[in-house]
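Source file: run09.cif (mmCIF, C-alpha atoms)
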```cif
data_coords
loop_
_atom_site.label_atom_id
_atom_site.label_comp_id
_atom_site.auth_asym_id
_atom_site.auth_seq_id
_atom_site.Cartn_x
_atom_site.Cartn_y
_atom_site.Cartn_z
CA MET Y 839 5.55 -38.45 8.18
CA THR Y 840 2.39 -37.30 6.31
CA ILE Y 841 3.01 -34.56 3.80
CA THR Y 842 0.20 -32.57 2.20
CA THR Y 843 1.29 -29.02 1.35
CA PRO Y 844 2.55 -28.11 -2.14
CA HIS Y 845 5.73 -26.72 -0.58
CA GLN Y 846 6.54 -30.07 1.03
CA ALA Y 847 5.61 -31.94 -2.16
CA LEU Y 848 8.06 -29.70 -4.04
CA LEU Y 849 10.76 -30.65 -1.52
CA ILE Y 850 10.04 -34.33 -2.18
CA PHE Y 851 10.30 -33.72 -5.93
CA LEU Y 852 13.64 -31.91 -5.57
CA ALA Y 853 15.02 -34.56 -3.22
CA ALA Y 854 14.01 -37.45 -5.53
CA ALA Y 855 15.38 -35.74 -8.61
CA PHE Y 856 18.52 -34.01 -7.36
CA ALA Y 857 19.76 -33.86 -3.77
CA GLN Y 858 18.83 -37.43 -2.85
CA ASN Y 859 18.51 -38.80 -6.35
CA LEU Y 860 16.23 -41.84 -6.05
CA VAL Y 861 18.33 -43.94 -8.44
CA LEU Y 862 21.56 -43.37 -6.55
CA THR Y 863 20.19 -43.52 -3.01
CA THR Y 864 17.98 -46.59 -3.43
CA GLY Y 865 19.25 -48.35 -6.57
CA ILE Y 866 15.79 -48.11 -8.15
CA GLY Y 867 16.19 -47.84 -11.94
CA SER Y 868 19.96 -48.37 -11.84
CA ALA Y 869 19.91 -51.53 -13.98
CA LEU Y 870 17.64 -49.85 -16.53
CA SER Y 871 19.96 -46.85 -16.83
CA VAL Y 872 23.02 -49.12 -17.17
CA ARG Y 873 21.36 -51.23 -19.88
CA LEU Y 874 20.06 -48.25 -21.85
CA THR Y 875 23.42 -46.48 -21.67
CA ARG Y 876 24.99 -49.42 -23.49
CA LYS Y 877 22.44 -49.18 -26.32
CA ASN Y 878 21.86 -46.47 -28.89
CA GLY Y 879 18.46 -44.82 -29.05
CA ASN Y 880 16.45 -41.68 -28.53
CA ARG Y 881 17.27 -40.86 -24.89
CA VAL Y 882 14.96 -37.86 -24.54
CA LEU Y 883 11.97 -39.71 -26.00
CA PHE Y 884 12.56 -42.65 -23.66
CA ALA Y 885 12.85 -40.38 -20.63
CA LEU Y 886 9.71 -38.50 -21.67
CA CYS Y 887 7.78 -41.78 -21.99
CA LEU Y 888 9.02 -42.90 -18.57
CA PHE Y 889 7.99 -39.55 -17.02
CA VAL Y 890 4.49 -39.79 -18.52
CA PHE Y 891 4.06 -43.43 -17.44
CA ALA Y 892 5.30 -42.66 -13.91
CA VAL Y 893 2.94 -39.72 -13.41
CA LEU Y 894 -0.07 -41.50 -14.96
CA THR Y 895 0.49 -44.59 -12.82
CA ALA Y 896 0.75 -42.46 -9.65
CA LEU Y 897 -2.40 -40.51 -10.58
CA CYS Y 898 -4.44 -43.67 -11.18
CA PHE Y 899 -3.04 -45.61 -8.26
CA HIS Y 900 -3.97 -43.01 -5.64
CA PRO Y 901 -7.82 -43.47 -5.77
CA ILE Y 902 -7.41 -47.25 -5.97
CA ASP Y 903 -5.11 -47.20 -2.95
CA ASN Y 904 -7.68 -45.14 -1.02
CA LEU Y 905 -10.30 -47.79 -1.77
CA LEU Y 906 -7.92 -50.56 -0.69
CA GLY Y 907 -7.29 -48.98 2.69
CA SER Y 908 -4.22 -49.63 4.82
CA GLY Y 909 -4.70 -53.23 6.00
CA GLU Y 910 -2.32 -56.13 5.58
CA ALA Y 911 -4.06 -57.35 2.42
CA ALA Y 912 -3.76 -53.88 0.88
CA ARG Y 913 -0.01 -53.83 1.60
CA MET Y 914 0.37 -57.20 -0.09
CA LEU Y 915 -1.72 -56.27 -3.13
CA ARG Y 916 -0.28 -52.80 -3.78
CA PRO Y 917 2.67 -53.97 -5.94
CA LEU Y 918 0.46 -56.21 -8.08
CA ILE Y 919 -1.99 -53.36 -8.70
CA ILE Y 920 0.81 -50.96 -9.63
CA VAL Y 921 2.28 -53.48 -12.11
CA ALA Y 922 -1.20 -54.11 -13.58
CA LEU Y 923 -1.73 -50.34 -13.99
CA SER Y 924 1.67 -49.96 -15.69
CA ALA Y 925 0.82 -52.82 -18.03
CA VAL Y 926 -2.52 -51.21 -18.92
CA TRP Y 927 -0.81 -47.87 -19.66
CA TYR Y 928 1.80 -49.63 -21.79
CA LEU Y 929 -0.86 -51.43 -23.87
CA LEU Y 930 -2.88 -48.22 -24.26
CA ALA Y 931 0.23 -46.28 -25.32
CA THR Y 932 1.15 -48.99 -27.82
CA TRP Y 933 -2.35 -48.91 -29.32
CA VAL Y 934 -2.52 -45.09 -29.51
CA LEU Y 935 1.02 -44.65 -30.90
CA ARG Y 936 0.51 -47.39 -33.47
CA LYS Y 937 -2.64 -45.70 -34.77
CA ALA Y 938 -1.65 -42.04 -34.42
CA THR Y 939 2.11 -41.90 -35.10
CA PRO Y 940 3.42 -45.17 -36.58
CA ARG Y 941 6.84 -43.63 -37.22
CA VAL Y 942 7.34 -42.64 -33.59
CA TYR Y 943 6.05 -46.05 -32.52
CA GLU Y 944 8.62 -47.82 -34.72
CA ASP Y 945 11.36 -45.68 -33.11
CA ILE Y 946 10.48 -46.65 -29.57
CA ARG Y 947 8.63 -49.98 -29.81
CA ALA Y 948 11.67 -51.92 -28.53
CA VAL Y 949 12.05 -49.81 -25.40
CA LEU Y 950 8.41 -48.85 -24.73
CA PRO Y 951 7.73 -51.83 -22.39
CA PHE Y 952 10.83 -50.91 -20.38
CA ALA Y 953 9.66 -47.29 -20.11
CA ALA Y 954 6.29 -48.41 -18.71
CA ILE Y 955 7.07 -51.45 -16.60
CA ASN Y 956 10.18 -50.83 -14.54
CA THR Y 957 11.44 -50.28 -11.02
CA VAL Y 958 11.28 -46.47 -11.28
CA VAL Y 959 7.52 -46.40 -11.96
CA THR Y 960 6.67 -49.22 -9.53
CA GLY Y 961 9.20 -48.23 -6.86
CA ALA Y 962 8.24 -44.55 -6.68
CA THR Y 963 4.51 -45.37 -6.59
CA LEU Y 964 5.13 -47.94 -3.85
CA ILE Y 965 7.42 -45.73 -1.74
CA ALA Y 966 5.05 -42.72 -1.63
CA PRO Y 967 2.21 -44.17 0.50
CA HIS Y 968 4.66 -46.30 2.53
CA GLN Y 969 6.98 -43.45 3.55
CA PHE Y 970 4.96 -40.25 3.23
CA GLY Y 971 1.30 -41.16 3.86
CA GLU Y 972 -1.76 -40.77 1.65
CA SER Y 973 -1.45 -37.70 -0.56
CA LEU Y 974 -2.02 -37.42 -4.32
CA LEU Y 975 0.35 -34.46 -4.49
CA VAL Y 976 3.18 -36.42 -2.91
CA ASP Y 977 2.51 -39.49 -5.07
CA VAL Y 978 2.80 -37.40 -8.22
CA ALA Y 979 5.76 -35.33 -6.93
CA LEU Y 980 7.74 -38.44 -6.01
CA SER Y 981 7.01 -40.21 -9.30
CA ALA Y 982 7.88 -37.12 -11.33
CA GLY Y 983 11.05 -36.57 -9.27
CA ALA Y 984 12.06 -40.19 -9.71
CA ALA Y 985 11.63 -39.92 -13.50
CA VAL Y 986 13.67 -36.70 -13.66
CA GLY Y 987 16.31 -38.23 -11.38
CA PHE Y 988 16.49 -41.28 -13.60
CA PHE Y 989 17.03 -39.07 -16.65
CA LEU Y 990 19.86 -37.20 -14.91
CA VAL Y 991 21.67 -40.42 -13.98
CA TYR Y 992 21.08 -41.74 -17.51
CA LEU Y 993 22.67 -38.57 -18.97
CA LEU Y 994 25.64 -38.83 -16.57
CA LEU Y 995 26.19 -42.46 -17.55
CA CYS Y 996 25.92 -41.68 -21.28
CA GLU Y 997 28.52 -38.95 -20.76
CA GLY Y 998 30.83 -41.33 -18.93
CA ILE Y 999 30.48 -44.48 -21.03
CA ASP Y 1000 33.05 -43.47 -23.70
CA ARG Y 1001 35.62 -42.67 -21.02
CA MET Y 1002 35.06 -46.09 -19.48
CA GLN Y 1003 36.07 -47.76 -22.75
CA HIS Y 1004 39.22 -45.60 -23.01
CA SER Y 1005 42.43 -47.46 -23.89
CA ALA Y 1006 44.11 -46.17 -20.71
CA MET Y 1007 41.55 -48.04 -18.58
CA PRO Y 1008 42.85 -51.34 -17.16
CA LYS Y 1009 41.33 -54.18 -19.21
CA SER Y 1010 39.63 -55.79 -16.22
CA PHE Y 1011 37.80 -52.57 -15.37
CA ALA Y 1012 36.86 -51.44 -18.88
CA GLY Y 1013 33.11 -51.18 -19.50
CA LEU Y 1014 30.59 -52.39 -16.91
CA PRO Y 1015 32.97 -52.65 -13.88
CA ALA Y 1016 34.01 -49.01 -14.36
CA LEU Y 1017 30.34 -48.05 -14.80
CA PHE Y 1018 29.51 -49.63 -11.43
CA LEU Y 1019 32.41 -47.83 -9.73
CA TYR Y 1020 31.32 -44.56 -11.37
CA LEU Y 1021 27.78 -45.05 -10.00
CA GLY Y 1022 29.26 -45.89 -6.59
CA ILE Y 1023 31.27 -42.68 -6.49
CA LEU Y 1024 28.24 -40.62 -7.60
CA ALA Y 1025 26.12 -42.29 -4.88
CA LEU Y 1026 28.85 -41.64 -2.31
CA ALA Y 1027 28.92 -37.97 -3.28
CA LEU Y 1028 25.17 -37.70 -2.62
CA CYS Y 1029 25.57 -39.04 0.92
CA GLY Y 1030 26.53 -35.48 1.91
CA PHE Y 1031 23.01 -34.23 1.07
CA SER Y 1032 21.08 -36.37 3.53
CA SER Y 1033 18.04 -34.73 5.16
CA ASP Y 1034 14.80 -35.54 7.03
CA ILE Y 1035 13.42 -37.08 3.86
CA SER Y 1036 14.14 -40.79 3.63
CA PHE Y 1037 12.98 -42.97 0.76
CA ILE Y 1038 13.71 -46.39 2.31
CA MET W 1479 17.65 -74.84 -28.54
CA ARG W 1480 17.52 -78.55 -27.75
CA LEU W 1481 20.30 -79.84 -25.50
CA ARG W 1482 21.15 -83.54 -25.65
CA SER W 1483 24.09 -84.45 -23.42
CA LYS W 1484 24.76 -83.85 -19.74
CA LYS W 1485 27.87 -81.93 -20.76
CA GLU W 1486 25.75 -79.45 -22.73
CA TYR W 1487 23.52 -78.88 -19.70
CA ARG W 1488 26.61 -78.41 -17.49
CA THR W 1489 28.03 -75.91 -19.97
CA LEU W 1490 24.72 -74.00 -20.06
CA PHE W 1491 24.58 -73.92 -16.23
CA PHE W 1492 28.19 -72.77 -15.86
CA ASP W 1493 27.80 -70.17 -18.60
CA ARG W 1494 24.59 -68.64 -17.22
CA ALA W 1495 25.55 -68.80 -13.54
CA PHE W 1496 29.17 -67.66 -13.72
CA LYS W 1497 30.77 -66.88 -17.08
CA SER W 1498 27.91 -64.72 -18.43
CA ASN W 1499 26.47 -63.84 -15.02
CA LEU W 1500 23.44 -61.63 -15.65
CA VAL W 1501 24.37 -59.12 -12.95
CA LEU W 1502 28.12 -58.84 -13.47
CA VAL W 1503 28.22 -59.13 -17.27
CA GLU W 1504 24.84 -57.78 -18.41
CA GLY W 1505 24.15 -55.38 -15.51
CA VAL W 1506 20.56 -56.55 -14.91
CA GLY W 1507 18.60 -56.96 -11.65
CA LEU W 1508 20.55 -54.28 -9.75
CA CYS W 1509 17.73 -52.63 -7.79
CA PRO W 1510 17.08 -55.36 -5.16
CA LEU W 1511 20.82 -55.92 -4.94
CA ILE W 1512 21.67 -52.31 -4.20
CA GLY W 1513 18.79 -51.54 -1.86
CA GLY W 1514 17.79 -54.89 -0.40
CA ALA W 1515 20.96 -56.97 -0.08
CA THR W 1516 22.22 -55.46 3.17
CA THR W 1517 22.39 -58.74 5.11
CA LEU W 1518 22.92 -62.39 4.19
CA LYS W 1519 19.38 -63.28 5.39
CA ASN W 1520 17.84 -60.67 3.09
CA SER W 1521 19.98 -61.91 0.21
CA VAL W 1522 19.09 -65.58 0.68
CA THR W 1523 15.38 -64.70 0.95
CA MET W 1524 15.49 -62.66 -2.24
CA PHE W 1525 17.46 -65.42 -3.99
CA VAL W 1526 14.89 -68.10 -3.07
CA CYS W 1527 11.99 -65.88 -4.15
CA ALA W 1528 13.73 -64.88 -7.39
CA ALA W 1529 14.62 -68.50 -8.24
CA VAL W 1530 11.09 -69.83 -7.64
CA THR W 1531 9.51 -66.98 -9.57
CA LEU W 1532 11.98 -66.99 -12.46
CA VAL W 1533 11.78 -70.77 -12.95
CA LEU W 1534 7.95 -70.87 -12.84
CA THR W 1535 7.41 -67.83 -15.07
CA SER W 1536 10.05 -69.01 -17.55
CA ILE W 1537 8.36 -72.41 -17.86
CA LEU W 1538 5.03 -70.64 -18.33
CA MET W 1539 6.48 -68.36 -21.01
CA LEU W 1540 8.13 -71.30 -22.78
CA GLY W 1541 4.69 -72.89 -22.90
CA ILE W 1542 2.53 -69.95 -23.95
CA GLY W 1543 5.05 -67.27 -25.01
CA LYS W 1544 5.04 -68.18 -28.70
CA LYS W 1545 1.24 -68.05 -28.85
CA LEU W 1546 1.14 -64.53 -27.38
CA PRO W 1547 1.56 -61.42 -29.54
CA SER W 1548 5.02 -59.94 -28.87
CA VAL W 1549 3.43 -56.79 -27.41
CA LEU W 1550 1.82 -58.86 -24.64
CA ARG W 1551 4.81 -60.99 -23.61
CA ILE W 1552 6.53 -58.61 -21.19
CA PRO W 1553 3.28 -57.47 -19.47
CA VAL W 1554 2.07 -61.08 -19.07
CA HIS W 1555 5.47 -62.27 -17.79
CA THR W 1556 5.74 -59.36 -15.34
CA LEU W 1557 2.17 -59.73 -14.06
CA CYS W 1558 2.65 -63.46 -13.46
CA ALA W 1559 5.95 -62.76 -11.66
CA SER W 1560 4.31 -60.02 -9.58
CA ALA W 1561 1.39 -62.28 -8.60
CA LEU W 1562 3.79 -65.05 -7.58
CA LEU W 1563 5.89 -62.64 -5.54
CA CYS W 1564 2.73 -61.39 -3.78
CA GLY W 1565 2.07 -64.98 -2.72
CA GLU W 1566 5.69 -65.48 -1.63
CA ALA W 1567 5.56 -62.22 0.36
CA TYR W 1568 2.41 -63.47 2.11
CA LEU W 1569 4.07 -66.80 2.98
CA LEU W 1570 7.21 -65.00 4.19
CA ASN W 1571 5.16 -62.70 6.43
CA ALA W 1572 2.82 -65.40 7.76
CA TYR W 1573 5.14 -68.38 8.19
CA VAL W 1574 8.81 -67.32 8.12
CA SER W 1575 9.51 -63.92 9.63
CA THR W 1576 7.57 -60.68 9.90
CA GLU W 1577 10.82 -58.76 10.44
CA LEU W 1578 12.32 -60.15 7.25
CA TYR W 1579 9.15 -59.26 5.33
CA ALA W 1580 9.24 -55.73 6.76
CA SER W 1581 12.87 -55.22 5.74
CA LEU W 1582 12.15 -56.46 2.21
CA TYR W 1583 8.68 -54.91 1.84
CA LEU W 1584 9.84 -52.58 -0.95
CA PHE W 1585 12.42 -54.74 -2.67
CA LEU W 1586 10.69 -58.12 -2.86
CA PRO W 1587 7.87 -56.91 -5.14
CA LEU W 1588 10.35 -54.89 -7.18
CA LEU W 1589 12.05 -58.17 -8.19
CA ALA W 1590 9.16 -58.72 -10.64
CA VAL W 1591 9.82 -55.50 -12.53
CA THR W 1592 13.62 -55.63 -12.56
CA THR W 1593 15.38 -56.00 -15.87
CA LEU W 1594 16.31 -59.55 -14.73
CA PHE W 1595 12.76 -60.74 -15.47
CA ALA W 1596 12.14 -58.57 -18.52
CA TYR W 1597 15.50 -59.52 -20.06
CA HIS W 1598 15.18 -63.20 -19.25
CA GLY W 1599 11.51 -63.51 -20.26
CA ASP W 1600 12.06 -61.76 -23.55
CA ASN W 1601 15.15 -63.77 -24.51
CA ALA W 1602 14.00 -67.20 -23.37
CA VAL W 1603 10.78 -67.41 -25.42
CA GLY W 1604 11.33 -69.88 -28.25
CA ALA W 1605 15.04 -70.23 -27.47
CA PHE W 1606 14.86 -73.45 -25.41
CA ASP W 1607 12.94 -76.67 -25.01
CA PRO W 1608 11.23 -76.89 -21.56
CA ARG W 1609 14.07 -78.86 -19.90
CA ALA W 1610 16.79 -76.55 -21.16
CA GLY W 1611 14.53 -73.61 -20.29
CA PHE W 1612 14.32 -74.84 -16.71
CA VAL W 1613 18.13 -75.17 -16.49
CA ASP W 1614 18.57 -71.75 -18.10
CA ALA W 1615 16.15 -70.06 -15.67
CA PHE W 1616 17.54 -71.82 -12.61
CA SER W 1617 21.17 -71.12 -13.52
CA SER W 1618 20.37 -67.45 -14.23
CA ALA W 1619 18.68 -67.20 -10.82
CA PHE W 1620 21.60 -69.08 -9.22
CA GLY W 1621 24.09 -66.62 -10.70
CA PHE W 1622 21.93 -63.74 -9.43
CA GLY W 1623 21.79 -65.42 -6.00
CA VAL W 1624 25.56 -65.88 -5.80
CA VAL W 1625 26.11 -62.17 -6.38
CA LEU W 1626 23.27 -61.28 -3.96
CA CYS W 1627 24.78 -63.44 -1.20
CA LEU W 1628 28.32 -62.17 -1.79
CA VAL W 1629 27.23 -58.53 -1.69
CA GLY W 1630 24.76 -59.03 1.20
CA GLY W 1631 27.19 -61.12 3.25
CA LEU W 1632 30.12 -58.74 2.81
CA ARG W 1633 27.98 -55.70 3.61
CA GLU W 1634 26.64 -57.40 6.77
CA ILE W 1635 30.14 -58.35 7.94
CA VAL W 1636 31.54 -54.86 7.43
CA SER W 1637 28.53 -52.80 8.55
CA LYS W 1638 27.21 -54.89 11.47
CA ARG W 1639 30.11 -57.19 12.33
CA THR W 1640 27.75 -60.18 12.10
CA ILE W 1641 27.01 -62.94 9.63
CA TRP W 1642 23.49 -64.46 9.60
CA ASP W 1643 22.93 -62.43 12.80
CA ARG W 1644 25.85 -64.15 14.57
CA PRO W 1645 28.49 -61.75 15.94
CA LEU W 1646 31.98 -61.89 14.48
CA PRO W 1647 35.17 -60.92 16.35
CA LEU W 1648 36.15 -58.11 13.96
CA ALA W 1649 37.68 -54.71 14.57
CA VAL W 1650 36.17 -53.24 11.39
CA ASP W 1651 33.19 -50.98 12.00
CA LEU W 1652 31.75 -49.33 8.91
CA PRO W 1653 27.96 -48.91 9.17
CA GLU W 1654 28.02 -46.91 5.92
CA ALA W 1655 28.62 -50.18 4.06
CA SER W 1656 24.87 -50.78 4.13
CA LEU W 1657 24.34 -47.67 1.97
CA PRO W 1658 23.87 -48.10 -1.80
CA PHE W 1659 27.29 -46.70 -2.76
CA ALA W 1660 29.03 -49.64 -1.08
CA ALA W 1661 26.99 -52.11 -3.15
CA PHE W 1662 27.88 -50.28 -6.37
CA LEU W 1663 31.59 -50.32 -5.47
CA LEU W 1664 31.47 -54.01 -4.51
CA LEU W 1665 29.70 -54.84 -7.76
CA GLY W 1666 32.37 -52.95 -9.68
CA LEU W 1667 35.13 -55.00 -8.04
CA LEU W 1668 33.26 -58.30 -8.54
CA ALA W 1669 32.56 -57.47 -12.20
CA ALA W 1670 36.23 -56.61 -12.73
CA ALA W 1671 37.32 -59.90 -11.14
CA LEU W 1672 34.94 -61.86 -13.38
CA GLN W 1673 36.08 -59.93 -16.46
CA ARG W 1674 39.69 -60.77 -15.61
CA ALA W 1675 38.88 -64.45 -15.05
CA ASN W 1676 36.96 -64.64 -18.35
CA THR W 1677 39.81 -62.97 -20.25
CA ALA W 1678 42.37 -65.32 -18.67
CA ALA W 1679 40.21 -68.36 -19.57
CA ALA W 1680 39.83 -67.13 -23.15
CA ASP W 1681 43.61 -66.57 -23.44
CA ARG W 1682 44.27 -70.06 -22.08
CA ALA W 1683 41.81 -71.57 -24.57
CA ASN W 1684 43.45 -69.64 -27.43
CA ARG W 1685 46.90 -70.88 -26.42
CA GLN W 1686 45.69 -74.49 -26.20
CA THR W 1687 43.80 -74.56 -29.53
CA PRO W 1688 46.86 -74.45 -31.91
CA THR W 1689 48.69 -77.09 -29.82
CA MET W 1690 45.72 -79.45 -29.95
CA THR W 1691 45.30 -78.93 -33.71
CA GLY W 1692 49.01 -79.54 -34.17
CA GLY W 1693 48.80 -82.74 -32.12
CA GLY W 1694 45.91 -83.95 -34.27
CA ASP W 1695 47.87 -83.30 -37.46
CA VAL W 1696 50.79 -85.33 -36.23
#
```

Here is the file; what I need is its structure written in the form of structure tokens.
Amino acid sequence: MTITTPHQALLIFLAAAFAQNLVLTTGIGSALSVRLTRKNGNRVLFALCLFVFAVLTALCFHPIDNLLGSGEAARMLRPLIIVALSAVWYLLATWVLRKATPRVYEDIRAVLPFAAINTVVTGATLIAPHQFGESLLVDVALSAGAAVGFFLVYLLLCEGIDRMQHSAMPKSFAGLPALFLYLGILALALCGFSSDISFI
Amino acid sequence: MRLRSKKEYRTLFFDRAFKSNLVLVEGVGLCPLIGGATTLKNSVTMFVCAAVTLVLTSILMLGIGKKLPSVLRIPVHTLCASALLCGEAYLLNAYVSTELYASLYLFLPLLAVTTLFAYHGDNAVGAFDPRAGFVDAFSSAFGFGVVLCLVGGLREIVSKRTIWDRPLPLAVDLPEASLPFAAFLLLGLLAAALQRANTAAADRANRQTPTMTGGGDV
């Protein structure tokens, strides 16, 4: 389906972020959210960085994708170009943050590469032209929705992680196994919100 | 780390592939597993691609990783992995199966940007000599592949009543098993089983240690 109107792009955004959360319905970004949940750090700053990287990558990828066309070679090269774009944005962000706000850079330097180069940024940028046709609005809406959806799942996992270490939890299930089951139940709950929009 | 004996290599392989399995203990590389591992064929394809890419990029990073500024390591590692996976996708499409390529079109390239590569590339630099690095990368990929095949095979059996496209005489019919929630639940159960096995092994080792020390004293 080719989507071009702002109304339809908004639907894509809402689906990716909430009703058909991209992390829970495709698994994109699930490992990143699990790993970050088990580490301490500035969650909001990380999510903000990921949002900015996702939108910037989608914005830059669109004109390049138009130049590439829709042939077999373009399909093969798309992922490599998206990763290269993410890497460029990461290096630019590192350079700018180091010069402009060294304190902020020190806070996020360990997680900055993971905010720029990850399955959420690459996956959302790759899904948009494949599933919804060529539209800048949709590219940006899907990337932004994916980033917001990632943040929501990340918050839910952070909320649940203490309960998963609770002493009443069977030893074999404490920690990561319970986290996987928790994600499974959340993903199962979202199955009830299926619609015409399909990400994979 | 420089490993000398065969036993040390065996221990490294067993540890990386099973005991400290990257997926079930560290929770990395989930995206292709959740979305892509819906059949055994998909899983084996992703395993082969991941193993080739992880081994080659790890060897490359062991060679040049120390010379690169730390800020460049993850981008270089990911770009190399992505370029290799582009080539593997081309070979898969041209020489193996167009259908298989179509079903993995999204998830094969995403292997390069999963936490499996970022985590492994970042940790391996400077930690091993090239031979141990090769064993470390291969065993990590093997552990990833075992989980991929278990999840993909089980989902195929339950959702399609086939294994490697061959029909099975089963009464179970649950097409929903190919949805992501089933993979999360399966991973939870597999991770719990591994956690239990690791705890039991540690308990056994703890029980044996005093006895052995006592025997030595006598």

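With all atoms listed in the file as the basis for measurement, Y:Leu1026 is the residue among Y:Leu1026, Y:Leu994, Y:Val890, Y:Leu923 that approaches chain W most closely.
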
Discussion item. If the PyMOL selection byres ((chain W and resi 1663) around 12) were run on this exact file, what residues would it hold? Put them as a PyMOL selection string.
Written reply: (chain Y and resi 1011+1014-1026) or (chain W and resi 1512+1629+1632-1633+1655-1662+1664-1670)

Practice prompt. Within 9 Å of chain W, which residues of chain Y are there when counting only C-alpha atoms? Please give them as a count of residues only.
Written response: 57

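Shortest atom-to-atom contact with Cys898 (chain Y) among Y:Leu950, Y:Ala912, Y:Val978, Y:Val942: Y:Val978, counting all atoms listed in the file.
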
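Here the question is which of W:Ala1619, W:Met1539, W:Leu1569, W:Ala1610 gets nearest to Val1522 (chain W) using only C-alpha atoms, and that residue is W:Ala1619.
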
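CA of Leu906 (chain Y) lies 27.4 Å from CA of Phe1595 (chain W).
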
Fill in: All residues 6 Å or closer to Ser981 (chain Y), all atoms listed in the file, same chain fewer than 4 positions away omitted, as a PyMOL selection string
chain Y and resi 892-893+962

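Atom pair CA of Leu883 (chain Y) / CA of Ala953 (chain Y) has a distance of 9.9 Å (rounded to one decimal).
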
Fill in: Residue IDs satisfying the PyMOL selection byres ((chain W and resi 1641) around 12), as a VMD selection string
chain W and resid 1516 to 1521 1627 to 1628 1630 to 1640 1642 to 1648

Worksheet, complete the sentence: Students should find that CA of Val1613 (chain W) and CA of Ala1683 (chain W) are spaced 25.3 Å

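In this comparison, which uses all atoms listed in the file, the residue of Y:Gln858, Y:Gln1003, Y:Thr843, Y:Ser973 approaching Phe1031 (chain Y) most closely is Y:Gln858.
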
Give me the residues near Arg881 (chain Y) as a CSV table (one decimal) with C-alpha atoms, in the coordinates of the input, where near means some atom within 12 Å (using all atoms listed in the file) and where sequence neighbours in that chain fewer than 2 positions away do not count.
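selection-v9.csv, written as the output of this step:
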```csv
chain,number,residue,atom,x,y,z
Y,871,SER,CA,20.0,-46.8,-16.8
Y,874,LEU,CA,20.1,-48.2,-21.8
Y,875,THR,CA,23.4,-46.5,-21.7
Y,876,ARG,CA,25.0,-49.4,-23.5
Y,877,LYS,CA,22.4,-49.2,-26.3
Y,878,ASN,CA,21.9,-46.5,-28.9
Y,879,GLY,CA,18.5,-44.8,-29.0
Y,883,LEU,CA,12.0,-39.7,-26.0
Y,884,PHE,CA,12.6,-42.6,-23.7
Y,885,ALA,CA,12.8,-40.4,-20.6
Y,886,LEU,CA,9.7,-38.5,-21.7
Y,887,CYS,CA,7.8,-41.8,-22.0
Y,888,LEU,CA,9.0,-42.9,-18.6
Y,945,ASP,CA,11.4,-45.7,-33.1
Y,946,ILE,CA,10.5,-46.6,-29.6
Y,949,VAL,CA,12.0,-49.8,-25.4
Y,950,LEU,CA,8.4,-48.8,-24.7
Y,953,ALA,CA,9.7,-47.3,-20.1
Y,988,PHE,CA,16.5,-41.3,-13.6
Y,989,PHE,CA,17.0,-39.1,-16.6
Y,990,LEU,CA,19.9,-37.2,-14.9
Y,991,VAL,CA,21.7,-40.4,-14.0
Y,992,TYR,CA,21.1,-41.7,-17.5
Y,993,LEU,CA,22.7,-38.6,-19.0
Y,994,LEU,CA,25.6,-38.8,-16.6
Y,995,LEU,CA,26.2,-42.5,-17.6
Y,996,CYS,CA,25.9,-41.7,-21.3
```

Fill in: Residues selected by the PyMOL selection byres ((chain Y and resi 848) around 12), written as a ChimeraX atom specification
/Y:841-847,849-856,975-983
